[in-house]
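Data first, discussion second: the structure below is written as structure tokens.
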There are 2 protein chains.
Amino acid sequence: MSDFGLSITATDGAARTGVLTTAHGDIRTPAFMPVGTAATVKAMTPEAVAETGADILLGNTYHLMLRPGPERIAALGGLHKFMNWQKPILTDSGGFQVMSLSGLRKITDQSVTFRSHVDGAKFDLSPERAVEIQNLLGSDIVMVLDECTPFPATEPEAAASMRRSMDWAARCKAVWESPPGRGLFGIVQGGVYPDLRRESVQALTSIGFDGYAIGGLAVGEGQDAMFKVLDGTAPSLPADAPRYLMGVGKPDDIVGAIMRGVDMFDCVLPTRSGRNGQAFTRSGTVNLRNARHRDDGGPLDGDCACPACQNYSRAYLHHLVKAKEILAATLVTWHNLTFYQDMMAGARAAISAGDLQPWADGFLGQYAGDQQ
Amino acid sequence: MSDFGLSITATDGAARTGVLTTAHGDIRTPAFMPVGTAATVKAMTPEAVAETGADILLGNTYHLMLRPGPERIAALGGLHKFMNWQKPILTDSGGFQVMSLSGLRKITDQSVTFRSHVDGAKFDLSPERAVEIQNLLGSDIVMVLDECTPFPATEPEAAASMRRSMDWAARCKAVWESPPGRGLFGIVQGGVYPDLRRESVQALTSIGFDGYAIGGLAVGEGQDAMFKVLDGTAPSLPADAPRYLMGVGKPDDIVGAIMRGVDMFDCVLPTRSGRNGQAFTRSGTVNLRNARHRDDGGPLDGDCACPACQNYSRAYLHHLVKAKEILAATLVTWHNLTFYQDMMAGARAAISAGDLQPWADGFLGQYAGDQQ
């Protein structure tokens with residue numbers, strides 16, 4: 001029996017809740033992972049991130065391989081020590097960011113070569129190197145290198161891309177040494193084509209991974225198409241392995257995906273929005289730049305226990321945003337991450353209680369969308 | 001007996017240590033006041049500022065009168081509540097910033113008129129309005145409006161400027177209603193001319209204030225000239241009233257001024273430097289951008305208890321600075337403010353123990369200046 005793995009404590013329909021055990025501690029699932037791109041969750045101390053309720057962070061292999069470099073981080077004691085985060089860390093493989101460098105990168109079956117946006121240095125990212133980098137960082141959850149299929153893609157394009165990703169997944173597994181408490185996740189690709197998604201699931205489960213991500217979504221296909229892919233994919237993944245929907249998403253995307261059996265999420269939305277003065281609240285999104293907040297002595301979200309809501313008025317947050325103060329980014333990010341973690345805690349409790357559907361109806365009904 | 005005032009507990013030569021009591025609590029003197037320009041100490045939460053050991057903040061009337069406006073802050077419950085800082089606040093009068101708007105402002109004996117750098121709106125700042133604004137903000141320590149004499153200035157120029165400031169000081173006192181626990185400070189001007197400084201001290205003490213600031217220094221005259229003004233001015237100020245050296249300064253400026261009898265300081269240096277990756281340490285200033293920190297697993301300052309030094313390496317701070325991460329500004333500012341507060345605590349303890357000179361020799365000897 002491995003010391004890495006998911007223990008499911010309750011299910012409700014397709015949804016599940018439980019605990020994912022890793023070398024750096026337990027992760028309550030369904031879990032939202034704040035994004036710590038360059039070894040920091042932007043505008044936040046790690047203590048503040050932990051206070052929001054986060055059990056795990058996501059780190060970006062692409063950014064860290066360019067600067068400060070995985071060998072340097074390893075020499076300094078690994079990513080956990082470097083950034084002072086002693087809870088679990090998942091790292092992506094760098095694939096998604098590298099694929100986005102259109103014109104600056106070259107993909108072959110062997111690897112991807114590209115130039116650094118920082119200093120122009122040339123890099124070569126192969127499946128084997130992606131695993132090596134993540135091992136140097138000391139990640140608890142390592143992702144296979146994949147080719148993120150563009151959207152839209154024809155079925156033959158999506159098929160070729162997915163099959164290359166499956167070859168790369170096998171090569172990642174071949175060099176994976178199963179360190180204790182750490183896991184390697186495969187990534188299902190295949191675009192919006194059910195047959196290709198099925199083929200991808202079969203390929204990955206034949207290889208065998210500690211967890212399964214669903215990739216290539218939230219790239220423009222829309223929520224309906226995304227949910228359709230989840231409906232077709234999640235049930236065919238091993239029930240006892242964690243499922244991770246990459247790069248998703250908006251609150252209603254996440255609630256819908258939880259109901260379809262997803263256990264893990266990451267997204268830059270709460271942090272990026274926080275730096276732009278966009279807040280998520282129980283009654284929808286709020287643009288703190290809006291002049292209607294100028295004289296509002298009330299809290300951003302009266303039901304939120306974060307410092308931004310407990311200690312400050314909307315008027316003050318509006319002032320900070322308008323004055324471009326750094327504290328604006330910190331407080332609104334803090335709130336947004338708290339909102340996301342509260343949503344996950346609500347979903348976990350609802351699954352445990354067997355009333356996920358009424359909870360979701362209530363949450364989504366109150367969360368009206370863009371409120372401004 | 002007023003509930004605002006300085007209680008001196010020990011002296012050592014010209015230096016003094018004690019407690020300044022205000023409506024929002026006690027301030028240990030000598031005190032360093034972090035600058036919270038726009039109702040925030042840049043890049044810091046107020047909780048973090050308090051953790052550095054700060055007993056009092058400085059707020060800027062000029063910035064707050066433009067945005068969000070003193071009437072708005074008053075309607076929202078005052079500056080302490082607005083920015084969630086329940087300890088004392090000193091506000092400047094706005095004079096220094098307005099005088100710096102050369103070409104955009106017009107000074108008469110009556111007032112200064114200028115246009116907002118935010119939206120071009122026209123403002124009129126008189127001595128009476130400066131006091132009114134600071135009362136609206138709810139400041140514990142209110143500064144009189146003064147004309148900050150430019151440097152260099154001829155003796156006749158410095159005299160005319162100082163005399164206008166003395167008229168304005170009398171007008172501020174005339175509208176000051178001595179609210180309980182709050183104090184009004186006069187500001188000594190007169191440039192580098194001993195006779196003018198003497199005349200200014202005499203004018204202010206005749207009017208009578210709760211404290212006395214020494215203004216118009218650290219504007220290019222150099223440390224020797226500044227110390228000469230302090231030597232000539234501080235002894236003639238009332239011994240039982242707090243003395244505040246405005247806008248100063250570098251660590252060695254502050255230590256020298258404490259030895260000359262100054263009780264209070266403010267300066268943007270620790271916060272502004274923090275945002276630029278410049279750190280103050282016990283062995284001098286450190287530029288964290290420098291590549292020599294890239295692989296340094298050691299702390300920024302081994303004798304410092306702040307989070308930047310306790311939880312992170314120089315290599316990590318270097319990485320954050322190079323990657324322009326917001327956390328760089330937060331952590332280096334946190335360290336710099338801690339360094340300044342530790343320096344003040346060291347000076348207070350040395351005065352109490354009667355060994356200020358050896359403490360200063362040790363501190364300044366170790367603090368080598370620019371270390372890079």
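Here's how to read the names in the structure tokens: chain A, B, ... by the order shown, residue numbers from 1 in each chain, ligand numbers from 1 in the order shown.
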Worksheet item: Could you list, as a PyMOL selection string, every residue of chain A that has an atom within 8 Å of an atom of chain B, counting only C-alpha atoms?
Response: chain A and resi 38+40+42-45+67-68+72+76+82-84+295+297+311-313+316+319+323+325-327
Could the residues in this selection be written to a file with C-alpha atoms, as a JSON list (two decimals), in the first residue's frame?
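result_28.json, freshly written:
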```json
[["chain", "number", "residue", "atom", "x", "y", "z"],
["A", 38, "ALA", "CA", 6.93, 31.89, -9.82],
["A", 40, "THR", "CA", 4.78, 32.78, -4.86],
["A", 42, "LYS", "CA", 1.04, 36.71, -6.28],
["A", 43, "ALA", "CA", 0.52, 39.44, -3.64],
["A", 44, "MET", "CA", 0.19, 36.91, -0.79],
["A", 45, "THR", "CA", 2.43, 35.57, 1.95],
["A", 67, "ARG", "CA", 14.00, 31.49, -13.40],
["A", 68, "PRO", "CA", 15.50, 30.69, -10.93],
["A", 72, "ARG", "CA", 19.20, 26.07, -8.17],
["A", 76, "LEU", "CA", 18.56, 25.50, -1.94],
["A", 82, "PHE", "CA", 12.47, 28.01, -1.06],
["A", 83, "MET", "CA", 8.99, 29.54, -0.88],
["A", 84, "ASN", "CA", 8.27, 28.60, 2.76],
["A", 295, "ASP", "CA", -18.94, 55.95, -0.02],
["A", 297, "GLY", "CA", -19.00, 51.74, 4.52],
["A", 311, "ASN", "CA", -11.48, 44.88, 8.72],
["A", 312, "TYR", "CA", -12.28, 47.17, 5.80],
["A", 313, "SER", "CA", -15.13, 48.82, 3.92],
["A", 316, "TYR", "CA", -11.52, 51.64, 1.47],
["A", 319, "HIS", "CA", -9.79, 53.76, -2.66],
["A", 323, "ALA", "CA", -4.81, 54.63, -5.95],
["A", 325, "GLU", "CA", -1.91, 50.53, -3.92],
["A", 326, "ILE", "CA", -0.25, 47.13, -3.50],
["A", 327, "LEU", "CA", -2.50, 46.43, -0.52]]
```
Worksheet entry | strand (DSSP E or B) per DSSP on the backbone: members of region 70-210 of chain B, as a VMD selection string | chain B and resid 89 to 91 105 to 107 112 to 115 122 to 125 141 to 143 183 to 188
Mind fitting chain A to chain B by least squares on all Cα atoms in order and giving back the moved coordinates as a compact mmCIF listing (two decimals) with C-alpha atoms, in the first residue's frame?
```txt
# COMPACT_ATOMS: atom_id res chain seq x y z
CA MET A 1 -3.24 68.46 33.06
CA SER A 2 -3.71 67.38 29.48
CA ASP A 3 -4.15 63.76 28.42
CA PHE A 4 -1.76 64.46 25.55
CA GLY A 5 1.88 64.78 26.44
CA LEU A 6 5.38 63.47 26.79
CA SER A 7 6.59 61.76 29.92
CA ILE A 8 10.38 61.51 29.91
CA THR A 9 11.68 58.49 31.79
CA ALA A 10 15.44 58.83 31.19
CA THR A 11 17.98 61.14 29.60
CA ASP A 12 21.53 60.57 28.40
CA GLY A 13 23.33 63.74 27.39
CA ALA A 14 20.92 65.63 25.15
CA ALA A 15 19.02 62.43 24.31
CA ARG A 16 15.76 61.51 26.01
CA THR A 17 13.49 58.48 26.15
CA GLY A 18 9.92 58.31 27.37
CA VAL A 19 6.29 57.87 26.42
CA LEU A 20 4.07 60.22 24.43
CA THR A 21 0.44 59.69 25.44
CA THR A 22 -2.34 60.24 22.88
CA ALA A 23 -6.03 59.46 22.38
CA HIS A 24 -5.12 56.25 20.54
CA GLY A 25 -2.43 55.03 22.91
CA ASP A 26 1.15 55.49 23.92
CA ILE A 27 4.16 56.09 21.69
CA ARG A 28 7.56 55.00 22.93
CA THR A 29 10.13 57.70 22.15
CA PRO A 30 12.42 58.10 20.34
CA ALA A 31 9.91 56.85 17.77
CA PHE A 32 10.08 56.13 14.06
CA MET A 33 6.81 56.64 12.17
CA PRO A 34 6.34 54.59 8.98
CA VAL A 35 4.78 56.66 6.22
CA GLY A 36 1.24 55.66 5.22
CA THR A 37 0.80 58.17 2.41
CA ALA A 38 -2.55 57.20 0.91
CA ALA A 39 -4.09 55.54 3.99
CA THR A 40 -1.79 52.52 3.65
CA VAL A 41 1.85 51.82 4.38
CA LYS A 42 2.71 50.66 0.88
CA ALA A 43 2.84 46.86 0.42
CA MET A 44 1.99 46.18 4.09
CA THR A 45 -1.10 45.21 6.04
CA PRO A 46 -1.57 47.28 9.20
CA GLU A 47 -1.16 44.07 11.23
CA ALA A 48 2.28 43.61 9.65
CA VAL A 49 3.20 47.25 10.38
CA ALA A 50 2.25 46.75 14.04
CA GLU A 51 4.34 43.57 14.17
CA THR A 52 7.43 45.56 13.20
CA GLY A 53 7.03 47.47 16.48
CA ALA A 54 5.58 50.73 15.14
CA ASP A 55 3.50 52.67 17.68
CA ILE A 56 2.41 55.43 15.28
CA LEU A 57 1.96 56.03 11.55
CA LEU A 58 2.24 59.17 9.48
CA GLY A 59 -0.55 60.02 7.02
CA ASN A 60 -0.25 62.57 4.22
CA THR A 61 -2.83 65.33 4.17
CA TYR A 62 -1.98 66.27 0.57
CA HIS A 63 -2.71 62.82 -0.83
CA LEU A 64 -5.78 62.21 1.31
CA MET A 65 -7.32 65.61 0.55
CA LEU A 66 -7.17 64.80 -3.17
CA ARG A 67 -8.30 61.20 -2.83
CA PRO A 68 -10.54 59.99 -1.24
CA GLY A 69 -11.12 63.39 0.44
CA PRO A 70 -11.23 64.25 4.15
CA GLU A 71 -15.01 64.74 4.29
CA ARG A 72 -15.48 61.24 2.85
CA ILE A 73 -13.04 59.70 5.35
CA ALA A 74 -14.81 61.54 8.19
CA ALA A 75 -18.21 60.20 7.02
CA LEU A 76 -16.71 56.70 7.01
CA GLY A 77 -15.60 57.06 10.63
CA GLY A 78 -12.18 58.69 10.36
CA LEU A 79 -8.77 57.62 9.14
CA HIS A 80 -8.08 55.09 11.93
CA LYS A 81 -11.21 53.11 11.07
CA PHE A 82 -10.83 53.62 7.31
CA MET A 83 -7.37 52.05 7.22
CA ASN A 84 -7.85 49.72 10.22
CA TRP A 85 -5.06 51.23 12.33
CA GLN A 86 -6.18 51.82 15.90
CA LYS A 87 -2.87 53.17 17.20
CA PRO A 88 -1.86 56.84 16.95
CA ILE A 89 -1.64 58.69 13.64
CA LEU A 90 0.26 61.88 12.89
CA THR A 91 -0.69 63.77 9.75
CA ASP A 92 1.47 66.30 8.03
CA SER A 93 -0.19 69.51 6.87
CA GLY A 94 0.20 68.95 3.15
CA GLY A 95 2.57 71.90 2.91
CA PHE A 96 5.67 69.98 1.93
CA GLN A 97 3.98 68.16 -0.98
CA VAL A 98 2.15 71.27 -2.20
CA MET A 99 5.35 73.32 -2.23
CA SER A 100 6.94 70.62 -4.40
CA LEU A 101 4.33 71.23 -7.11
CA SER A 102 6.45 74.01 -8.61
CA GLY A 103 4.62 75.66 -11.47
CA LEU A 104 1.32 74.07 -10.51
CA ARG A 105 0.74 76.04 -7.30
CA LYS A 106 0.48 79.65 -6.22
CA ILE A 107 1.40 80.80 -2.72
CA THR A 108 0.09 83.96 -1.09
CA ASP A 109 0.12 85.03 2.53
CA GLN A 110 -3.48 83.80 2.66
CA SER A 111 -3.08 80.24 1.34
CA VAL A 112 -1.72 77.95 -1.37
CA THR A 113 -3.82 77.16 -4.42
CA PHE A 114 -2.97 74.20 -6.64
CA ARG A 115 -4.39 71.65 -9.02
CA SER A 116 -4.75 67.95 -8.21
CA HIS A 117 -2.31 65.62 -9.92
CA VAL A 118 -5.11 63.03 -9.91
CA ASP A 119 -7.88 64.81 -11.80
CA GLY A 120 -6.85 68.46 -12.23
CA ALA A 121 -9.40 69.72 -9.69
CA LYS A 122 -8.51 73.06 -8.04
CA PHE A 123 -7.73 73.13 -4.31
CA ASP A 124 -7.11 75.91 -1.83
CA LEU A 125 -5.06 75.03 1.24
CA SER A 126 -4.99 77.63 4.01
CA PRO A 127 -3.64 77.18 7.53
CA GLU A 128 -7.23 76.94 8.79
CA ARG A 129 -8.19 74.36 6.17
CA ALA A 130 -5.06 72.29 6.93
CA VAL A 131 -6.19 72.00 10.57
CA GLU A 132 -9.79 71.30 9.51
CA ILE A 133 -8.68 68.49 7.17
CA GLN A 134 -6.54 66.86 9.85
CA ASN A 135 -9.43 67.11 12.32
CA LEU A 136 -11.72 65.44 9.77
CA LEU A 137 -9.17 62.66 9.42
CA GLY A 138 -9.09 62.32 13.22
CA SER A 139 -5.31 62.68 13.56
CA ASP A 140 -3.79 62.34 17.01
CA ILE A 141 -1.01 64.74 16.07
CA VAL A 142 -1.84 67.64 13.76
CA MET A 143 0.88 69.65 12.05
CA VAL A 144 0.61 73.37 11.29
CA LEU A 145 0.71 74.41 7.65
CA ASP A 146 4.16 75.72 6.82
CA GLU A 147 6.11 76.82 3.81
CA CYS A 148 9.00 74.43 3.41
CA THR A 149 11.88 76.78 2.59
CA PRO A 150 13.74 75.60 -0.51
CA PHE A 151 17.45 74.76 -0.35
CA PRO A 152 19.54 76.64 -1.17
CA ALA A 153 17.90 79.92 -0.10
CA THR A 154 19.52 83.25 0.67
CA GLU A 155 19.09 84.56 4.20
CA PRO A 156 16.45 87.12 3.14
CA GLU A 157 14.54 84.41 1.26
CA ALA A 158 14.73 82.04 4.21
CA ALA A 159 13.64 84.84 6.57
CA ALA A 160 10.59 85.80 4.51
CA SER A 161 9.57 82.17 4.13
CA MET A 162 10.03 81.43 7.84
CA ARG A 163 8.03 84.51 8.89
CA ARG A 164 5.14 83.50 6.64
CA SER A 165 5.25 80.04 8.29
CA MET A 166 5.14 81.69 11.74
CA ASP A 167 2.05 83.70 10.73
CA TRP A 168 0.46 80.50 9.49
CA ALA A 169 1.39 78.68 12.70
CA ALA A 170 -0.41 81.37 14.73
CA ARG A 171 -3.50 81.04 12.50
CA CYS A 172 -3.46 77.24 12.97
CA LYS A 173 -3.27 77.66 16.73
CA ALA A 174 -6.14 80.18 16.64
CA VAL A 175 -8.53 77.56 15.21
CA TRP A 176 -7.19 74.65 17.27
CA GLU A 177 -9.74 73.53 19.84
CA SER A 178 -7.45 71.20 21.84
CA PRO A 179 -9.53 68.03 21.54
CA PRO A 180 -8.66 65.58 24.33
CA GLY A 181 -5.68 63.35 23.67
CA ARG A 182 -4.70 65.21 20.52
CA GLY A 183 -1.88 67.62 19.93
CA LEU A 184 -0.95 70.45 17.55
CA PHE A 185 2.72 70.74 16.60
CA GLY A 186 4.50 73.88 15.39
CA ILE A 187 7.31 73.64 12.85
CA VAL A 188 10.63 75.45 13.23
CA GLN A 189 11.92 76.86 9.93
CA GLY A 190 14.78 79.20 9.03
CA GLY A 191 16.96 77.13 6.73
CA VAL A 192 20.61 76.82 7.75
CA TYR A 193 20.66 80.29 9.39
CA PRO A 194 21.05 80.06 13.19
CA ASP A 195 19.52 83.50 13.83
CA LEU A 196 16.45 82.63 11.80
CA ARG A 197 16.05 79.26 13.54
CA ARG A 198 16.27 81.10 16.88
CA GLU A 199 13.66 83.62 15.79
CA SER A 200 11.41 80.77 14.65
CA VAL A 201 11.75 78.91 17.96
CA GLN A 202 10.89 82.10 19.82
CA ALA A 203 7.85 82.76 17.66
CA LEU A 204 6.52 79.22 18.09
CA THR A 205 7.14 78.96 21.83
CA SER A 206 5.40 82.32 22.29
CA ILE A 207 2.33 80.90 20.55
CA GLY A 208 2.66 77.63 22.47
CA PHE A 209 2.29 74.16 20.94
CA ASP A 210 1.95 70.60 22.19
CA GLY A 211 5.10 69.62 20.33
CA TYR A 212 7.71 71.12 18.03
CA ALA A 213 8.89 69.86 14.68
CA ILE A 214 12.10 70.86 12.99
CA GLY A 215 11.37 71.32 9.30
CA GLY A 216 13.20 72.23 6.14
CA LEU A 217 16.04 69.74 6.66
CA ALA A 218 17.19 66.73 4.66
CA VAL A 219 16.60 68.82 1.53
CA GLY A 220 20.18 68.76 0.29
CA GLU A 221 22.10 70.61 3.01
CA GLY A 222 24.06 67.52 4.10
CA GLN A 223 24.35 65.75 7.44
CA ASP A 224 26.87 68.16 8.97
CA ALA A 225 24.68 71.18 8.29
CA MET A 226 21.62 69.31 9.55
CA PHE A 227 23.34 68.32 12.79
CA LYS A 228 24.49 71.93 13.24
CA VAL A 229 20.92 73.14 12.98
CA LEU A 230 19.83 70.50 15.51
CA ASP A 231 22.67 71.50 17.88
CA GLY A 232 21.48 75.09 17.68
CA THR A 233 17.76 74.41 17.84
CA ALA A 234 16.87 71.45 20.04
CA PRO A 235 18.27 72.84 23.32
CA SER A 236 16.11 75.96 23.02
CA LEU A 237 12.86 74.01 22.59
CA PRO A 238 10.77 73.32 25.71
CA ALA A 239 12.29 70.29 27.43
CA ASP A 240 8.93 68.72 28.26
CA ALA A 241 7.49 68.86 24.73
CA PRO A 242 8.12 66.24 22.02
CA ARG A 243 10.52 67.15 19.21
CA TYR A 244 10.01 65.81 15.72
CA LEU A 245 12.59 65.94 12.92
CA MET A 246 10.51 65.83 9.73
CA GLY A 247 11.37 63.54 6.82
CA VAL A 248 14.63 62.20 8.29
CA GLY A 249 16.19 59.86 7.43
CA LYS A 250 19.03 57.44 6.94
CA PRO A 251 19.94 55.31 9.96
CA ASP A 252 23.01 57.39 10.80
CA ASP A 253 20.99 60.63 10.48
CA ILE A 254 18.49 59.27 12.99
CA VAL A 255 21.08 58.08 15.50
CA GLY A 256 22.83 61.46 15.33
CA ALA A 257 19.55 63.30 15.79
CA ILE A 258 18.55 61.15 18.76
CA MET A 259 21.85 62.10 20.37
CA ARG A 260 20.89 65.74 19.80
CA GLY A 261 17.56 65.42 21.61
CA VAL A 262 15.05 64.50 18.89
CA ASP A 263 12.09 62.27 19.87
CA MET A 264 10.24 61.53 16.64
CA PHE A 265 11.11 60.72 13.03
CA ASP A 266 9.43 59.81 9.76
CA CYS A 267 10.92 58.88 6.40
CA VAL A 268 9.89 57.03 3.24
CA LEU A 269 13.34 55.47 2.99
CA PRO A 270 12.59 52.03 4.52
CA THR A 271 9.33 51.63 2.59
CA ARG A 272 10.47 53.10 -0.75
CA SER A 273 13.75 51.17 -0.61
CA GLY A 274 11.81 48.04 0.24
CA ARG A 275 9.83 48.33 -2.98
CA ASN A 276 13.10 48.69 -4.89
CA GLY A 277 14.79 45.64 -3.39
CA GLN A 278 17.11 47.74 -1.21
CA ALA A 279 17.43 46.37 2.30
CA PHE A 280 18.88 47.90 5.48
CA THR A 281 20.85 45.41 7.54
CA ARG A 282 23.02 45.59 10.62
CA SER A 283 26.07 45.49 8.36
CA GLY A 284 24.88 48.10 5.85
CA THR A 285 22.52 48.36 2.89
CA VAL A 286 22.04 45.38 0.59
CA ASN A 287 20.87 45.53 -3.02
CA LEU A 288 18.90 42.34 -3.46
CA ARG A 289 18.97 42.71 -7.26
CA ASN A 290 22.66 41.92 -7.16
CA ALA A 291 23.50 38.52 -8.72
CA ARG A 292 25.74 37.65 -5.78
CA HIS A 293 22.59 36.74 -3.80
CA ARG A 294 21.36 34.27 -6.45
CA ASP A 295 22.60 31.12 -4.71
CA ASP A 296 22.80 32.46 -1.16
CA GLY A 297 20.78 30.23 1.13
CA GLY A 298 21.48 32.45 4.15
CA PRO A 299 19.18 35.07 5.63
CA LEU A 300 19.12 38.73 4.65
CA ASP A 301 20.11 39.70 8.21
CA GLY A 302 20.99 36.94 10.64
CA ASP A 303 20.14 39.10 13.67
CA CYS A 304 16.66 40.07 12.50
CA ALA A 305 13.44 38.41 13.68
CA CYS A 306 11.23 39.61 10.79
CA PRO A 307 9.52 37.08 8.48
CA ALA A 308 11.77 37.99 5.53
CA CYS A 309 14.83 36.98 7.55
CA GLN A 310 13.28 34.09 9.49
CA ASN A 311 11.49 32.29 6.67
CA TYR A 312 13.40 33.01 3.47
CA SER A 313 16.86 33.04 1.94
CA ARG A 314 18.61 35.89 0.16
CA ALA A 315 18.33 33.70 -2.94
CA TYR A 316 14.53 33.68 -2.66
CA LEU A 317 14.31 37.43 -2.04
CA HIS A 318 16.63 37.99 -5.03
CA HIS A 319 14.36 35.79 -7.14
CA LEU A 320 11.24 37.73 -6.09
CA VAL A 321 12.90 41.07 -6.81
CA LYS A 322 14.11 39.94 -10.25
CA ALA A 323 10.69 38.48 -11.09
CA LYS A 324 9.05 41.76 -9.98
CA GLU A 325 6.79 39.86 -7.60
CA ILE A 326 4.61 41.88 -5.21
CA LEU A 327 5.81 39.70 -2.34
CA ALA A 328 9.30 41.17 -2.85
CA ALA A 329 7.96 44.62 -1.94
CA THR A 330 6.09 43.23 1.06
CA LEU A 331 8.95 41.20 2.51
CA VAL A 332 11.73 43.75 2.01
CA THR A 333 9.54 46.58 3.34
CA TRP A 334 8.66 44.39 6.32
CA HIS A 335 12.33 43.81 6.98
CA ASN A 336 13.30 47.48 6.55
CA LEU A 337 10.59 48.69 8.91
CA THR A 338 11.66 46.03 11.43
CA PHE A 339 15.26 47.19 11.10
CA TYR A 340 14.22 50.81 11.76
CA GLN A 341 12.08 49.84 14.76
CA ASP A 342 14.87 47.64 16.16
CA MET A 343 17.22 50.62 15.83
CA MET A 344 14.77 52.81 17.77
CA ALA A 345 14.33 50.13 20.45
CA GLY A 346 18.11 49.87 20.73
CA ALA A 347 18.43 53.62 21.18
CA ARG A 348 15.65 53.72 23.78
CA ALA A 349 17.26 50.91 25.78
CA ALA A 350 20.68 52.58 25.53
CA ILE A 351 19.33 55.91 26.77
CA SER A 352 17.60 54.15 29.67
CA ALA A 353 20.85 52.38 30.52
CA GLY A 354 22.88 55.56 30.16
CA ASP A 355 25.14 54.12 27.49
CA LEU A 356 23.89 55.78 24.32
CA GLN A 357 27.34 56.78 23.09
CA PRO A 358 28.84 53.25 23.16
CA TRP A 359 25.62 51.87 21.67
CA ALA A 360 25.75 54.45 18.88
CA ASP A 361 29.44 53.75 18.25
CA GLY A 362 28.73 50.04 18.02
CA PHE A 363 25.67 50.46 15.82
CA LEU A 364 27.25 52.93 13.43
CA GLY A 365 30.52 50.99 13.36
CA GLN A 366 28.75 47.80 12.33
CA TYR A 367 26.44 49.64 9.95
CA ALA A 368 29.09 50.23 7.33
CA GLY A 369 26.92 52.13 4.86
CA ASP A 370 26.54 50.97 1.28
CA GLN A 371 27.51 47.33 1.16
CA GLN A 372 25.80 46.27 -2.10
```
DSSP says alpha helix (DSSP H) for which residues of region 119-291 of chain B? Put them as a short mmCIF file (atom, residue, chain, number, x, y, z; two decimals) with C-alpha atoms, in the first residue's frame?
```cif
data_model
loop_
_atom_site.label_atom_id
_atom_site.label_comp_id
_atom_site.auth_asym_id
_atom_site.auth_seq_id
_atom_site.Cartn_x
_atom_site.Cartn_y
_atom_site.Cartn_z
CA PRO B 127 -3.63 77.19 7.55
CA GLU B 128 -7.22 76.95 8.80
CA ARG B 129 -8.19 74.37 6.17
CA ALA B 130 -5.06 72.30 6.95
CA VAL B 131 -6.19 72.00 10.57
CA GLU B 132 -9.77 71.30 9.51
CA ILE B 133 -8.67 68.50 7.18
CA GLN B 134 -6.54 66.87 9.86
CA ASN B 135 -9.42 67.12 12.32
CA LEU B 136 -11.70 65.46 9.77
CA LEU B 137 -9.15 62.66 9.41
CA GLU B 155 19.08 84.58 4.24
CA PRO B 156 16.44 87.15 3.20
CA GLU B 157 14.52 84.45 1.29
CA ALA B 158 14.72 82.05 4.24
CA ALA B 159 13.63 84.84 6.61
CA ALA B 160 10.57 85.82 4.55
CA SER B 161 9.56 82.19 4.15
CA MET B 162 10.03 81.45 7.87
CA ARG B 163 8.03 84.51 8.91
CA ARG B 164 5.13 83.52 6.67
CA SER B 165 5.24 80.06 8.30
CA MET B 166 5.14 81.68 11.74
CA ASP B 167 2.05 83.69 10.75
CA TRP B 168 0.44 80.50 9.50
CA ALA B 169 1.38 78.68 12.72
CA ALA B 170 -0.42 81.37 14.75
CA ARG B 171 -3.49 81.03 12.50
CA CYS B 172 -3.46 77.23 12.99
CA LYS B 173 -3.27 77.65 16.75
CA ALA B 174 -6.13 80.16 16.64
CA VAL B 175 -8.53 77.55 15.21
CA PRO B 194 21.04 80.07 13.21
CA ASP B 195 19.50 83.52 13.86
CA LEU B 196 16.43 82.64 11.83
CA ARG B 197 16.03 79.27 13.54
CA ARG B 198 16.26 81.11 16.90
CA GLU B 199 13.64 83.63 15.81
CA SER B 200 11.40 80.77 14.65
CA VAL B 201 11.74 78.91 17.96
CA GLN B 202 10.88 82.11 19.82
CA ALA B 203 7.83 82.76 17.66
CA LEU B 204 6.51 79.22 18.11
CA THR B 205 7.13 78.97 21.85
CA SER B 206 5.39 82.31 22.29
CA ILE B 207 2.32 80.89 20.55
CA GLN B 223 24.33 65.77 7.44
CA ASP B 224 26.87 68.18 8.98
CA ALA B 225 24.68 71.20 8.30
CA MET B 226 21.62 69.33 9.54
CA PHE B 227 23.33 68.34 12.79
CA LYS B 228 24.49 71.95 13.26
CA VAL B 229 20.90 73.16 13.00
CA LEU B 230 19.83 70.52 15.52
CA ASP B 231 22.65 71.50 17.88
CA GLY B 232 21.47 75.10 17.69
CA THR B 233 17.74 74.42 17.84
CA PRO B 251 19.93 55.31 9.96
CA ASP B 252 23.02 57.40 10.80
CA ASP B 253 20.98 60.63 10.47
CA ILE B 254 18.48 59.27 12.98
CA VAL B 255 21.07 58.08 15.49
CA GLY B 256 22.83 61.46 15.32
CA ALA B 257 19.55 63.31 15.78
CA ILE B 258 18.54 61.16 18.75
CA MET B 259 21.85 62.11 20.37
CA LEU B 269 13.35 55.45 2.98
CA PRO B 270 12.59 52.02 4.51
CA THR B 271 9.33 51.62 2.59
CA ARG B 272 10.46 53.09 -0.75
CA SER B 273 13.74 51.15 -0.61
CA GLY B 274 11.80 48.02 0.24
CA ARG B 275 9.83 48.30 -2.98
#
```
